[in-house]
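So this one's run30.cif, mmCIF, C-alpha atoms:
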data_model
#
loop_
_atom_site.label_atom_id
_atom_site.label_comp_id
_atom_site.auth_asym_id
_atom_site.auth_seq_id
_atom_site.Cartn_x
_atom_site.Cartn_y
_atom_site.Cartn_z
CA MET A 1142 0.00 0.00 0.00
CA ASN A 1143 1.17 3.52 -0.77
CA PHE A 1144 1.08 5.08 2.70
CA LYS A 1145 1.38 8.71 1.56
CA LYS A 1146 -1.63 8.33 -0.75
CA PHE A 1147 -3.53 6.63 2.05
CA PHE A 1148 -2.86 9.44 4.54
CA ALA A 1149 -3.92 12.06 1.96
CA LEU A 1150 -7.12 10.15 1.18
CA ALA A 1151 -7.87 9.73 4.90
CA LYS A 1152 -7.53 13.46 5.49
CA GLU A 1153 -9.80 14.21 2.52
CA ASN A 1154 -12.42 12.01 4.18
CA GLY A 1155 -12.29 13.79 7.54
CA VAL A 1156 -9.78 11.56 9.39
CA GLU A 1157 -7.56 14.23 10.93
CA VAL A 1158 -4.60 12.02 11.86
CA SER A 1159 -4.04 8.39 10.91
CA GLU A 1160 -1.61 5.54 11.51
CA ILE A 1161 -1.08 2.28 9.68
CA SER A 1162 0.92 -0.85 10.53
CA GLU A 1163 1.62 -3.56 8.00
CA GLY A 1164 3.05 -6.93 8.99
CA ARG A 1165 4.15 -9.70 6.65
CA SER A 1166 5.32 -13.14 7.74
CA SER A 1167 6.26 -16.51 6.28
CA ASP A 1168 6.38 -19.76 8.22
CA LEU A 1169 7.95 -23.06 7.17
CA SER A 1170 6.62 -25.86 9.40
CA ILE A 1171 7.71 -29.51 9.37
CA GLU A 1172 6.75 -32.53 11.48
CA ILE A 1173 8.51 -35.91 11.45
CA PHE A 1174 7.24 -39.18 12.92
CA LYS A 1175 8.63 -42.68 12.44
CA LYS A 1176 11.22 -41.53 9.90
CA GLU A 1177 8.61 -39.90 7.68
CA ILE A 1178 7.59 -36.31 7.02
CA THR A 1179 4.02 -36.23 8.34
CA SER A 1180 3.47 -32.51 7.81
CA TYR A 1181 5.12 -29.90 5.59
CA SER A 1182 3.65 -26.47 5.04
CA ILE A 1183 4.65 -22.95 4.01
CA LYS A 1184 2.32 -20.16 5.06
CA GLU A 1185 2.50 -16.50 4.15
CA ASN A 1186 0.43 -13.90 5.95
CA ILE A 1187 -0.23 -10.19 5.71
CA LYS A 1188 -2.05 -8.12 8.31
CA ILE A 1189 -2.81 -4.43 8.13
CA ILE A 1190 -3.84 -2.56 11.28
CA ALA A 1191 -4.89 1.07 11.13
CA ARG A 1192 -6.03 3.74 13.56
CA GLY A 1193 -7.29 7.25 13.03
CA ILE A 1194 -8.81 10.22 14.81
CA TYR A 1195 -12.24 11.26 13.57
CA ASN A 1196 -14.30 13.86 15.46
CA ASP A 1197 -11.78 13.62 18.34
CA LYS A 1198 -12.42 9.88 18.77
CA MET A 1199 -10.16 6.98 17.86
CA GLY A 1200 -11.29 4.44 15.29
CA PHE A 1201 -9.61 1.12 14.58
CA VAL A 1202 -9.62 -1.54 11.87
CA SER A 1203 -7.64 -4.62 10.89
CA THR A 1204 -7.67 -6.55 7.63
CA GLU A 1205 -5.75 -9.24 5.79
CA LYS A 1206 -6.55 -7.80 2.36
CA ASP A 1207 -4.34 -5.42 0.41
CA ASP A 1208 -5.95 -4.44 -2.89
CA LYS A 1209 -7.26 -1.30 -4.60
CA ASP A 1210 -10.35 -1.19 -2.37
CA THR A 1211 -8.44 -1.57 0.90
CA PRO A 1212 -7.61 2.13 1.58
CA LEU A 1213 -11.22 3.31 1.38
CA TYR A 1214 -12.41 0.29 3.38
CA ILE A 1215 -9.92 1.17 6.14
CA ILE A 1216 -10.94 4.83 6.19
CA ASN A 1217 -14.67 4.07 6.39
CA SER A 1218 -14.06 1.50 9.13
CA ILE A 1219 -12.02 4.03 11.14
CA LYS A 1220 -14.83 6.57 10.88
CA GLN A 1221 -17.44 4.02 11.88
CA GLY A 1222 -15.36 2.80 14.82
CA ALA A 1223 -14.73 6.35 16.02
CA SER A 1224 -18.44 7.13 15.84
CA LEU A 1225 -19.18 4.15 18.09
CA ASN A 1226 -16.29 4.85 20.50
CA GLU A 1227 -17.73 5.76 23.92
CA THR A 1228 -14.49 5.80 25.95
CA ASP A 1229 -13.26 8.98 27.61
CA ASP A 1230 -9.62 8.20 26.80
CA GLU A 1231 -7.88 10.90 24.81
CA ALA A 1232 -7.25 9.95 21.18
CA ILE A 1233 -3.47 10.11 20.69
CA ILE A 1234 -1.36 9.26 17.67
CA PHE A 1235 2.33 9.67 18.42
CA LYS A 1236 4.53 12.04 16.40
CA GLY A 1237 7.72 10.10 17.18
CA SER A 1238 10.52 9.81 19.74
CA GLU A 1239 13.68 11.90 19.50
CA LYS A 1240 15.88 8.82 19.13
CA TYR A 1241 15.42 5.14 18.32
CA LYS A 1242 18.03 2.47 19.09
CA LYS A 1243 17.72 0.31 16.00
CA LYS A 1244 19.75 -2.89 15.67
CA ASN A 1245 19.95 -5.53 12.97
CA VAL A 1246 18.71 -8.83 14.41
CA PHE A 1247 17.93 -10.54 11.10
CA SER A 1248 20.03 -13.71 10.81
CA LYS A 1249 21.71 -14.30 7.47
CA GLU A 1250 22.79 -17.73 8.74
CA LEU A 1251 19.19 -18.78 9.28
CA GLU A 1252 18.12 -17.34 5.93
CA ALA A 1253 20.82 -19.43 4.23
CA TRP A 1254 19.81 -22.67 6.01
CA SER A 1255 18.53 -24.85 3.18
CA THR A 1256 15.51 -27.10 3.43
CA ASP A 1257 17.68 -30.15 2.69
CA ASP A 1258 19.97 -29.31 5.60
CA ILE A 1259 16.99 -28.67 7.87
CA LEU A 1260 15.51 -32.07 7.05
CA LYS A 1261 18.87 -33.75 7.59
CA THR A 1262 19.06 -32.15 11.03
CA LEU A 1263 15.54 -33.25 11.96
CA PHE A 1264 16.02 -36.87 10.86
CA THR A 1265 19.36 -36.99 12.69
CA LEU A 1266 17.65 -35.67 15.81
CA GLU A 1267 14.97 -38.35 15.60
CA GLU A 1268 17.58 -41.08 15.15
CA LYS A 1269 19.65 -39.87 18.09
CA MET A 1270 16.54 -39.81 20.31
CA TYR A 1271 15.88 -43.50 19.65
CA GLU A 1272 19.55 -44.40 20.08
CA LYS A 1273 19.90 -42.59 23.38
CA ASP A 1274 17.97 -45.12 25.47
CA SER A 1275 16.11 -48.36 24.75
CA ARG A 1276 13.15 -47.08 26.78
CA VAL A 1277 12.49 -44.34 24.24
CA SER A 1278 9.37 -45.38 22.34
CA ASP A 1279 7.60 -43.04 19.93
CA VAL A 1280 9.38 -39.81 18.95
CA GLN A 1281 7.87 -36.82 17.18
CA VAL A 1282 10.00 -33.94 15.93
CA TYR A 1283 8.68 -30.47 15.20
CA PHE A 1284 10.27 -27.56 13.34
CA SER A 1285 9.27 -24.04 12.40
CA LYS A 1286 11.21 -21.23 10.69
CA VAL A 1287 9.58 -17.79 10.75
CA ASN A 1288 10.44 -14.57 8.90
CA GLU A 1289 8.67 -11.38 9.98
CA GLU A 1290 8.72 -7.85 8.55
CA SER A 1291 6.74 -4.91 9.89
CA ILE A 1292 6.38 -1.24 9.08
CA MET A 1293 4.55 1.43 11.05
CA ALA A 1294 3.84 4.86 9.58
CA ASN A 1295 1.57 7.79 10.37
CA SER A 1296 0.49 11.08 8.86
CA TYR A 1297 3.10 12.91 10.97
CA ASP A 1298 5.72 11.37 8.62
CA LEU A 1299 6.87 8.83 11.22
CA VAL A 1300 8.13 5.61 9.55
CA LEU A 1301 9.48 2.68 11.59
CA LYS A 1302 10.59 -0.70 10.24
CA ASN A 1303 11.60 -3.99 11.79
CA LYS A 1304 12.75 -7.31 10.32
CA THR A 1305 13.48 -10.50 12.21
CA ASN A 1306 13.64 -14.27 11.83
CA TYR A 1307 13.88 -17.24 14.16
CA PHE A 1308 13.37 -20.98 14.32
CA TYR A 1309 12.49 -23.61 16.87
CA VAL A 1310 13.07 -27.34 17.05
CA GLY A 1311 10.84 -29.40 19.34
CA ALA A 1312 11.03 -33.06 20.29
CA GLU A 1313 8.38 -35.11 22.07
CA ALA A 1314 9.03 -38.68 23.17
CA THR A 1315 7.28 -41.48 25.01
CA ILE A 1316 9.37 -43.30 27.63
CA LYS A 1317 8.31 -46.87 28.48
CA ASP A 1318 9.65 -49.00 31.31
CA GLY A 1319 7.55 -52.11 31.74
CA ASP A 1320 3.96 -50.98 32.23
CA GLU A 1321 4.97 -47.45 33.18
CA VAL A 1322 4.73 -44.74 30.52
CA LYS A 1323 5.96 -41.15 30.75
CA SER A 1324 6.22 -38.37 28.20
CA THR A 1325 8.90 -35.75 27.69
CA PHE A 1326 9.15 -32.61 25.59
CA ASN A 1327 11.90 -30.12 24.87
CA LEU A 1328 12.21 -27.01 22.74
CA PHE A 1329 15.19 -25.16 21.28
CA LEU A 1330 14.70 -21.57 20.13
CA SER A 1331 17.23 -19.44 18.25
CA ASN A 1332 17.97 -17.56 15.03
CA ASN A 1333 21.35 -19.21 14.43
CA PRO A 1334 21.38 -22.86 13.26
CA ALA A 1335 24.97 -23.27 14.50
CA GLU A 1336 23.79 -22.86 18.11
CA ILE A 1337 21.86 -26.11 18.30
CA ASN A 1338 23.86 -29.02 19.72
CA LEU A 1339 21.88 -32.16 18.91
CA ASP A 1340 23.70 -34.39 21.38
CA SER A 1341 23.09 -32.03 24.29
CA PHE A 1342 19.48 -31.47 23.22
CA VAL A 1343 18.82 -35.22 23.01
CA GLU A 1344 20.45 -35.94 26.36
CA GLU A 1345 18.44 -33.22 28.11
CA THR A 1346 15.17 -34.31 26.48
CA VAL A 1347 15.50 -38.03 27.15
CA ASN A 1348 16.81 -37.57 30.69
CA LYS A 1349 13.83 -35.34 31.50
CA GLY A 1350 11.56 -38.26 30.64
CA ILE A 1351 13.55 -41.05 32.29
CA GLU A 1352 13.88 -39.24 35.61
CA LYS A 1353 10.06 -39.10 35.83
CA LEU A 1354 9.86 -42.92 36.11
CA HIS A 1355 9.11 -44.75 39.35
CA GLY A 1356 7.61 -41.77 41.15
CA VAL A 1357 6.90 -41.76 44.87
CA THR A 1358 4.37 -39.96 47.02
CA ILE A 1359 5.20 -37.22 49.48
CA ALA A 1360 3.51 -36.21 52.71
CA PRO A 1361 1.51 -32.95 52.50
CA ASN A 1362 3.59 -30.23 54.14
CA SER A 1363 5.51 -27.00 53.66
CA TYR A 1364 8.92 -27.58 52.13
CA LYS A 1365 12.03 -25.73 51.13
CA ALA A 1366 12.18 -25.86 47.34
CA VAL A 1367 14.20 -25.23 44.24
CA LEU A 1368 12.07 -23.93 41.38
CA SER A 1369 13.26 -24.67 37.83
CA ARG A 1370 13.70 -21.92 35.24
CA ASP A 1371 10.39 -22.85 33.62
CA VAL A 1372 8.52 -22.54 36.91
CA VAL A 1373 10.23 -19.27 37.81
CA SER A 1374 9.38 -17.91 34.37
CA SER A 1375 5.67 -18.74 34.68
CA LEU A 1376 5.31 -17.33 38.19
CA LEU A 1377 7.44 -14.25 37.51
CA THR A 1378 5.43 -13.38 34.39
CA ALA A 1379 2.23 -13.56 36.42
CA LEU A 1380 3.77 -11.40 39.14
CA ILE A 1381 5.25 -8.72 36.87
CA SER A 1382 1.97 -8.29 34.97
CA ASN A 1383 0.91 -6.32 38.04
CA ALA A 1384 3.25 -3.54 36.89
CA SER A 1385 0.67 -2.55 34.26
CA SER A 1386 -0.20 1.11 34.87
CA GLU A 1387 -3.64 0.45 33.40
CA ASP A 1388 -4.41 -2.08 36.14
CA VAL A 1389 -2.81 0.16 38.77
CA GLN A 1390 -5.06 3.04 37.74
CA LYS A 1391 -8.08 0.74 37.95
CA GLN A 1392 -6.93 -0.38 41.43
CA SER A 1393 -6.94 -3.98 40.18
CA SER A 1394 -3.16 -4.52 40.50
CA LEU A 1395 -1.31 -6.02 43.46
CA PHE A 1396 1.35 -3.32 42.85
CA ALA A 1397 -1.06 -0.39 43.29
CA GLY A 1398 0.29 2.14 45.79
CA LYS A 1399 3.58 0.25 46.19
CA LEU A 1400 5.91 2.34 43.99
CA ASN A 1401 9.35 2.83 45.62
CA THR A 1402 8.52 0.38 48.40
CA GLN A 1403 10.03 -3.00 49.25
CA ILE A 1404 7.71 -5.61 47.77
CA LEU A 1405 10.04 -8.58 47.17
CA SER A 1406 13.20 -10.14 48.59
CA PRO A 1407 16.34 -7.98 48.28
CA LYS A 1408 17.77 -10.88 46.26
CA ILE A 1409 15.30 -10.13 43.45
CA THR A 1410 16.10 -7.63 40.68
CA ILE A 1411 13.85 -7.69 37.61
CA GLU A 1412 14.54 -5.80 34.39
CA GLU A 1413 12.79 -5.38 31.08
CA LYS A 1414 15.29 -5.35 28.19
CA PRO A 1415 13.44 -4.86 24.89
CA LEU A 1416 16.70 -3.58 23.35
CA GLU A 1417 18.61 -6.79 24.14
CA LYS A 1418 19.88 -8.21 20.85
CA ASN A 1419 17.91 -11.45 20.64
CA ILE A 1420 14.86 -12.72 18.77
CA PHE A 1421 12.51 -10.68 21.02
CA TYR A 1422 14.30 -7.38 20.35
CA GLN A 1423 11.90 -4.48 19.74
CA TYR A 1424 12.97 -0.85 19.40
CA PHE A 1425 9.47 0.66 19.25
CA ASP A 1426 6.15 -0.25 20.81
CA ASP A 1427 2.72 -0.50 19.20
CA GLU A 1428 2.25 3.29 19.42
CA GLY A 1429 5.63 4.03 17.84
CA VAL A 1430 7.27 5.09 21.12
CA ALA A 1431 10.95 4.18 21.45
CA THR A 1432 11.47 1.33 23.89
CA GLN A 1433 14.05 1.41 26.66
CA ASN A 1434 15.75 -1.04 28.97
CA LYS A 1435 14.67 -0.42 32.56
CA VAL A 1436 14.72 -1.83 36.07
CA ILE A 1437 11.26 -2.79 37.29
CA VAL A 1438 12.24 -4.16 40.68
CA ASP A 1439 15.62 -3.22 42.17
CA LYS A 1440 16.72 -5.47 45.04
CA GLY A 1441 13.08 -5.99 45.94
CA VAL A 1442 11.99 -2.34 45.54
CA LEU A 1443 9.36 -1.52 42.89
CA LYS A 1444 10.83 1.24 40.71
CA THR A 1445 8.34 1.81 37.88
CA TYR A 1446 5.13 0.79 36.19
CA PHE A 1447 4.65 -0.05 32.50
CA TYR A 1448 3.04 2.89 30.64
CA ASN A 1449 1.53 3.60 27.24
CA LEU A 1450 0.67 7.12 26.05
CA VAL A 1451 -2.82 7.28 27.56
CA THR A 1452 -1.95 5.87 30.99
CA ALA A 1453 1.23 7.98 31.13
CA LYS A 1454 -0.74 11.17 30.53
CA LYS A 1455 -3.13 10.26 33.35
CA ASP A 1456 -0.19 9.99 35.77
CA GLY A 1457 1.72 12.95 34.36
CA VAL A 1458 4.73 10.86 33.29
CA GLU A 1459 6.36 9.75 30.03
CA SER A 1460 5.38 6.54 28.26
CA THR A 1461 7.82 3.72 29.01
CA GLY A 1462 7.31 2.24 25.53
CA ASN A 1463 5.04 -0.57 26.70
CA ALA A 1464 2.00 -0.03 24.49
CA HIS A 1465 0.63 -3.34 23.26
CA ARG A 1466 -2.28 -3.64 20.86
CA ALA A 1467 -4.93 -6.11 21.96
CA GLY A 1468 -7.64 -6.15 19.32
CA SER A 1469 -9.12 -2.67 18.97
CA LYS A 1470 -7.71 -1.58 22.31
CA MET A 1471 -4.24 -0.23 23.06
CA GLY A 1472 -3.20 -1.88 26.29
CA ILE A 1473 0.02 -2.63 28.14
CA GLY A 1474 2.59 -5.29 27.30
CA PHE A 1475 6.15 -6.28 28.14
CA SER A 1476 8.90 -8.48 26.70
CA ASN A 1477 12.43 -9.64 27.40
CA ILE A 1478 11.97 -9.81 31.17
CA TYR A 1479 15.25 -10.62 32.94
CA LEU A 1480 15.72 -11.88 36.49
CA LYS A 1481 19.22 -10.93 37.59
CA PRO A 1482 21.19 -14.14 38.22
CA GLY A 1483 23.04 -15.04 41.39
CA ARG A 1484 26.25 -17.01 41.82
CA LEU A 1485 25.10 -20.57 42.55
CA THR A 1486 24.57 -23.35 40.03
CA GLU A 1487 21.28 -25.23 40.17
CA GLU A 1488 23.11 -28.16 41.78
CA GLU A 1489 24.42 -25.80 44.47
CA LEU A 1490 20.88 -24.51 45.05
CA ILE A 1491 19.76 -28.11 45.61
CA THR A 1492 22.65 -28.67 48.00
CA LYS A 1493 21.72 -25.50 49.86
CA VAL A 1494 18.09 -26.63 50.30
CA LYS A 1495 19.40 -30.02 51.54
CA ASN A 1496 15.95 -31.51 52.23
CA GLY A 1497 12.84 -30.44 50.35
CA VAL A 1498 11.48 -30.56 46.82
CA TYR A 1499 12.54 -29.61 43.31
CA ILE A 1500 9.60 -28.28 41.26
CA SER A 1501 10.27 -28.83 37.55
CA ASP A 1502 6.95 -27.79 36.02
CA VAL A 1503 3.60 -26.21 36.91
CA GLN A 1504 0.35 -26.19 34.98
CA GLY A 1505 -2.98 -24.40 35.07
CA LEU A 1506 -1.72 -20.93 35.99
CA HIS A 1507 -4.70 -19.16 34.41
CA ALA A 1508 -7.21 -21.19 36.40
CA GLY A 1509 -5.09 -21.74 39.49
CA LEU A 1510 -4.03 -18.15 40.24
CA ASN A 1511 -6.22 -15.58 41.98
CA PRO A 1512 -5.10 -12.26 40.42
CA SER A 1513 -6.69 -10.15 43.16
CA SER A 1514 -4.71 -11.81 45.97
CA GLY A 1515 -1.74 -13.53 44.30
CA ASP A 1516 -2.72 -16.86 45.82
CA PHE A 1517 -2.07 -19.89 43.61
CA SER A 1518 -2.69 -23.63 43.63
CA LEU A 1519 -1.19 -25.46 40.66
CA GLN A 1520 -0.71 -28.98 39.40
CA ALA A 1521 2.99 -29.68 39.38
CA GLU A 1522 5.77 -32.12 38.58
CA GLY A 1523 8.85 -32.43 40.72
CA PHE A 1524 11.35 -34.45 42.69
CA HIS A 1525 12.30 -35.15 46.26
CA ILE A 1526 15.48 -33.44 47.52
CA LYS A 1527 17.20 -35.53 50.18
CA ASP A 1528 20.58 -34.83 51.73
CA GLY A 1529 21.31 -32.19 49.09
CA VAL A 1530 20.61 -34.46 46.10
CA LYS A 1531 17.70 -34.45 43.66
CA GLY A 1532 16.15 -37.89 44.01
CA ASP A 1533 12.89 -39.69 43.25
CA ALA A 1534 10.20 -38.19 41.05
CA LEU A 1535 7.03 -37.15 42.86
CA THR A 1536 3.65 -38.32 41.65
CA LEU A 1537 0.47 -36.26 41.44
CA ILE A 1538 1.36 -33.16 43.45
CA THR A 1539 -0.08 -29.69 43.85
CA VAL A 1540 1.96 -26.67 44.91
CA SER A 1541 0.31 -23.66 46.51
CA GLY A 1542 1.27 -20.35 48.00
CA ASN A 1543 1.22 -16.62 47.31
CA LEU A 1544 3.28 -14.86 44.65
CA PHE A 1545 4.38 -12.06 46.97
CA LYS A 1546 5.32 -14.43 49.77
CA LEU A 1547 7.12 -16.80 47.39
CA PHE A 1548 9.35 -14.06 45.96
CA ASN A 1549 9.98 -12.75 49.47
CA ASP A 1550 11.03 -16.19 50.71
CA VAL A 1551 13.96 -16.47 48.29
CA ILE A 1552 17.00 -18.19 49.80
CA ALA A 1553 19.21 -17.83 46.73
CA VAL A 1554 19.07 -17.11 43.00
CA GLY A 1555 20.87 -19.40 40.57
CA ASN A 1556 23.21 -18.52 37.71
CA ASN A 1557 21.69 -20.82 35.06
CA THR A 1558 19.83 -18.16 33.08
CA LYS A 1559 18.27 -19.10 29.76
CA LEU A 1560 16.13 -17.23 27.25
CA LEU A 1561 12.78 -19.00 27.13
CA VAL A 1562 10.01 -19.10 24.55
CA ASN A 1563 7.80 -16.69 26.54
CA ALA A 1564 10.44 -13.91 26.21
CA THR A 1565 11.85 -14.24 29.72
CA CYS A 1566 15.46 -14.89 30.68
CA VAL A 1567 15.57 -16.36 34.17
CA PRO A 1568 17.53 -18.76 36.40
CA SER A 1569 16.32 -21.28 38.95
CA ILE A 1570 15.70 -20.03 42.50
CA ALA A 1571 15.58 -21.59 45.97
CA VAL A 1572 12.80 -20.62 48.38
CA SER A 1573 12.21 -21.39 52.03
CA ASP A 1574 8.53 -22.29 51.92
CA VAL A 1575 6.22 -23.95 49.37
CA LYS A 1576 3.14 -25.93 50.30
CA VAL A 1577 3.01 -29.34 48.60
CA SER A 1578 0.10 -31.74 48.69
CA ALA A 1579 -0.80 -34.97 46.91
CA GLU A 1580 -3.66 -34.84 44.46
#

Will you turn the file into structure tokens for me?
Amino acid sequence: MNFKKFFALAKENGVEVSEISEGRSSDLSIEIFKKEITSYSIKENIKIIARGIYNDKMGFVSTEKDDKDTPLYIINSIKQGASLNETDDEAIIFKGSEKYKKKNVFSKELEAWSTDDILKTLFTLEEKMYEKDSRVSDVQVYFSKVNEESIMANSYDLVLKNKTNYFYVGAEATIKDGDEVKSTFNLFLSNNPAEINLDSFVEETVNKGIEKLHGVTIAPNSYKAVLSRDVVSSLLTALISNASSEDVQKQSSLFAGKLNTQILSPKITIEEKPLEKNIFYQYFDDEGVATQNKVIVDKGVLKTYFYNLVTAKKDGVESTGNAHRAGSKMGIGFSNIYLKPGRLTEEELITKVKNGVYISDVQGLHAGLNPSSGDFSLQAEGFHIKDGVKGDALTLITVSGNLFKLFNDVIAVGNNTKLLVNATCVPSIAVSDVKVSAE
């Protein structure tokens, strides 16, 4: 679409200021099962999202069409949406930040990775999974390679572009030992094919399944615990969502009224790093505001909330570059959340706990977390820690507690940080008190 012609046409039709975002993506997806390609697809998508101010109200539209009729369709939809808009929020389209910290994160190595070499890697992975242990039964391998390009422009002559690519390899296996059956899954995410080590990936995946065998029960009680990176990531994401200024202003956030106060353990420092050079890098938000790296919680003290333009104006502050479009509404989002690592390895955390539990996975966070109190009760997988060693798997357990209390009861933070698929980079942690019960 010719943006300049669109903005001129919009103004002719009474849309005072307008903004348009165009995203294009391609996705190569492959699945392998029993030495055969069971799924192979290439998908290409385009999505156009536009906003505009008409009669001092904001109108919104999204479409997947880009033809000669699209500009007028967008303009009429903006006008209709603005006419139906009953919110009191000020309609704001951003003129642009003074400076943007743009980096090139597009991987030429990934772009050059041929389909033949990808397939060779996937079949080799499947073979190594079966060879690793005789108890490995069925194996399914997944792969996806994604290219994304986006451009945001508005009638103030702001033009912002971003281009990125990434891939993931997933492996799911069934582990059988006699009549006992367990499943295991692992995922590798990157934009550089050279970073994947198949032997290490296979060992980690298969071992995760084998160690689940021959589980034992545990008496309901409160235990010291080591929480894996995956568990920390899930709970930390739920906790940090309370930094949304929108929820704070609605008095529906657990962080409301707690700015510059001690809310977590002094061992906890949480940062948002949208400018970190990885696959989640983003130098502008969904309103076109330049993003910035920032400390959210500094040694347990809450330092800032996440703001977009509207919520920032209500509090008389600057936007933090955390606007996130959710349908027709401009809300609050965050990405690249980092928990500052400590000095201990995960094995040293387990030694430090001495006797307790290791929680490797939790499920049901959406249903099992009360957002108004922070209380949670979640299905979990884990292991007994005895005499400083991770031992038997635990069967059918539930972990419960409170997010605030949990992150105040931190004994130590590990050094085993890893960038995870939900755009967090966190280590394992040890805590003094988690309630565990059998299901």

List the neighbours of Thr1378 in chain A out to 12 Å using all atoms listed in the file; skip same-chain residues closer than 2 positions along the sequence, and give me the result as a PyMOL selection string.
chain A and resi 1370-1376+1380-1385+1411-1413+1474-1480+1506-1507+1544+1561+1563-1567

Selection result of the PyMOL selection byres ((chain A and resi 1313-1321) around 12) on this file, as a PyMOL selection string
chain A and resi 1172-1175+1266-1271+1273-1284+1310-1312+1322-1328+1342-1343+1345-1356

Taking the file as I've supplied it (selection: the PyMOL selection byres ((chain A and resi 1568) around 7)), which residues are included? Please answer as a PyMOL selection string.
chain A and resi 1370+1482+1554-1559+1567+1569-1570

Record the distance separating CA of Asn1401 in chain A and CA of Ser1460 in chain A, expressed in Å with one decimal.
18.2 Å

What is the distance between CA of Asp1456 in chain A and CA of Asn1295 in chain A, in Å to one decimal?
25.6 Å

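Shortest atom-to-atom contact with Glu1250 in chain A among A:Asp1230, A:Asp1426, A:Glu1336, A:Asp1210: A:Glu1336, counting all atoms listed in the file.
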
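With CA of Lys1365 in chain A on one side and CA of Phe1396 in chain A on the other, the separation reads 26.2 Å.
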
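The closest residue to Lys1302 in chain A, picked from A:Tyr1181, A:Phe1235, A:Tyr1241, A:Tyr1364 and counting all atoms listed in the file, is A:Tyr1241.
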
For the file shown, what are the residues hit by the PyMOL selection byres ((chain A and resi 1433) around 7), laid out as a list of chain:residue names?
A:Pro1415, A:Leu1416, A:Ala1431, A:Thr1432, A:Asn1434, A:Lys1435, A:Gly1462

Distance query Gly1505 in chain A at most 9 Å, all atoms listed in the file, self and fewer than 5 positions along chain excluded, as a list in words:
Leu1510, Ser1518, Leu1519 and Gln1520 of chain A

Contacts of range 1284-1348 of chain A with range 1185-1208 of chain A up to 10 Å, shortest pair per row, only C-alpha atoms, as a Markdown table:
| residue | atom | partner | partner_atom | distance |
| --- | --- | --- | --- | --- |
| A:Val1287 | CA | A:Glu1185 | CA | 9.8 |
| A:Asn1288 | CA | A:Glu1185 | CA | 9.5 |
| A:Glu1289 | CA | A:Asn1186 | CA | 9.5 |
| A:Glu1290 | CA | A:Ile1187 | CA | 9.7 |
| A:Ser1291 | CA | A:Lys1188 | CA | 9.5 |
| A:Ile1292 | CA | A:Ile1189 | CA | 9.8 |
| A:Met1293 | CA | A:Ile1190 | CA | 9.3 |
| A:Ala1294 | CA | A:Ala1191 | CA | 9.6 |
| A:Asn1295 | CA | A:Arg1192 | CA | 9.2 |
| A:Ser1296 | CA | A:Gly1193 | CA | 9.6 |

Which residues, protein or nucleic acid, reach to within 7 Å of (14.6, -21.1, 12.5) in the file's coordinates when using only C-alpha atoms, and can you give that as a PDB file with C-alpha atoms, in the frame of the given file?
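Printed below is selection_24.pdb as written:
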ATOM      1  CA  LEU A1251      19.190 -18.780   9.280  1.00  0.00           C
ATOM      2  CA  SER A1285       9.270 -24.040  12.400  1.00  0.00           C
ATOM      3  CA  LYS A1286      11.210 -21.230  10.690  1.00  0.00           C
ATOM      4  CA  VAL A1287       9.580 -17.790  10.750  1.00  0.00           C
ATOM      5  CA  ASN A1306      13.640 -14.270  11.830  1.00  0.00           C
ATOM      6  CA  TYR A1307      13.880 -17.240  14.160  1.00  0.00           C
ATOM      7  CA  PHE A1308      13.370 -20.980  14.320  1.00  0.00           C
ATOM      8  CA  TYR A1309      12.490 -23.610  16.870  1.00  0.00           C
ATOM      9  CA  SER A1331      17.230 -19.440  18.250  1.00  0.00           C
ATOM     10  CA  ASN A1332      17.970 -17.560  15.030  1.00  0.00           C
TER      11      ASN A1332
END

Fewer than 3 positions away in the same chain doesn't count, so skip those; otherwise give me all residues within 10 Å of Ser1406 in chain A, counting all atoms listed in the file, as a count of residues only.
17

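Nearest-residue note for Glu1417 in chain A: choosing from A:Glu1177, A:Lys1236, A:Lys1243, A:Gly1222, the minimum distance belongs to A:Lys1243, counting only C-alpha atoms.
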
Taking every listed atom of range 1414-1426 of chain A and adding 4 Å to each side, what centre and edge lengths in Å (one decimal) does the axis-aligned box have, as lines of an AutoDock Vina configuration file?
center_x = 13.0
center_y = -6.0
center_z = 23.5
size_x = 21.7
size_y = 21.4
size_z = 17.4
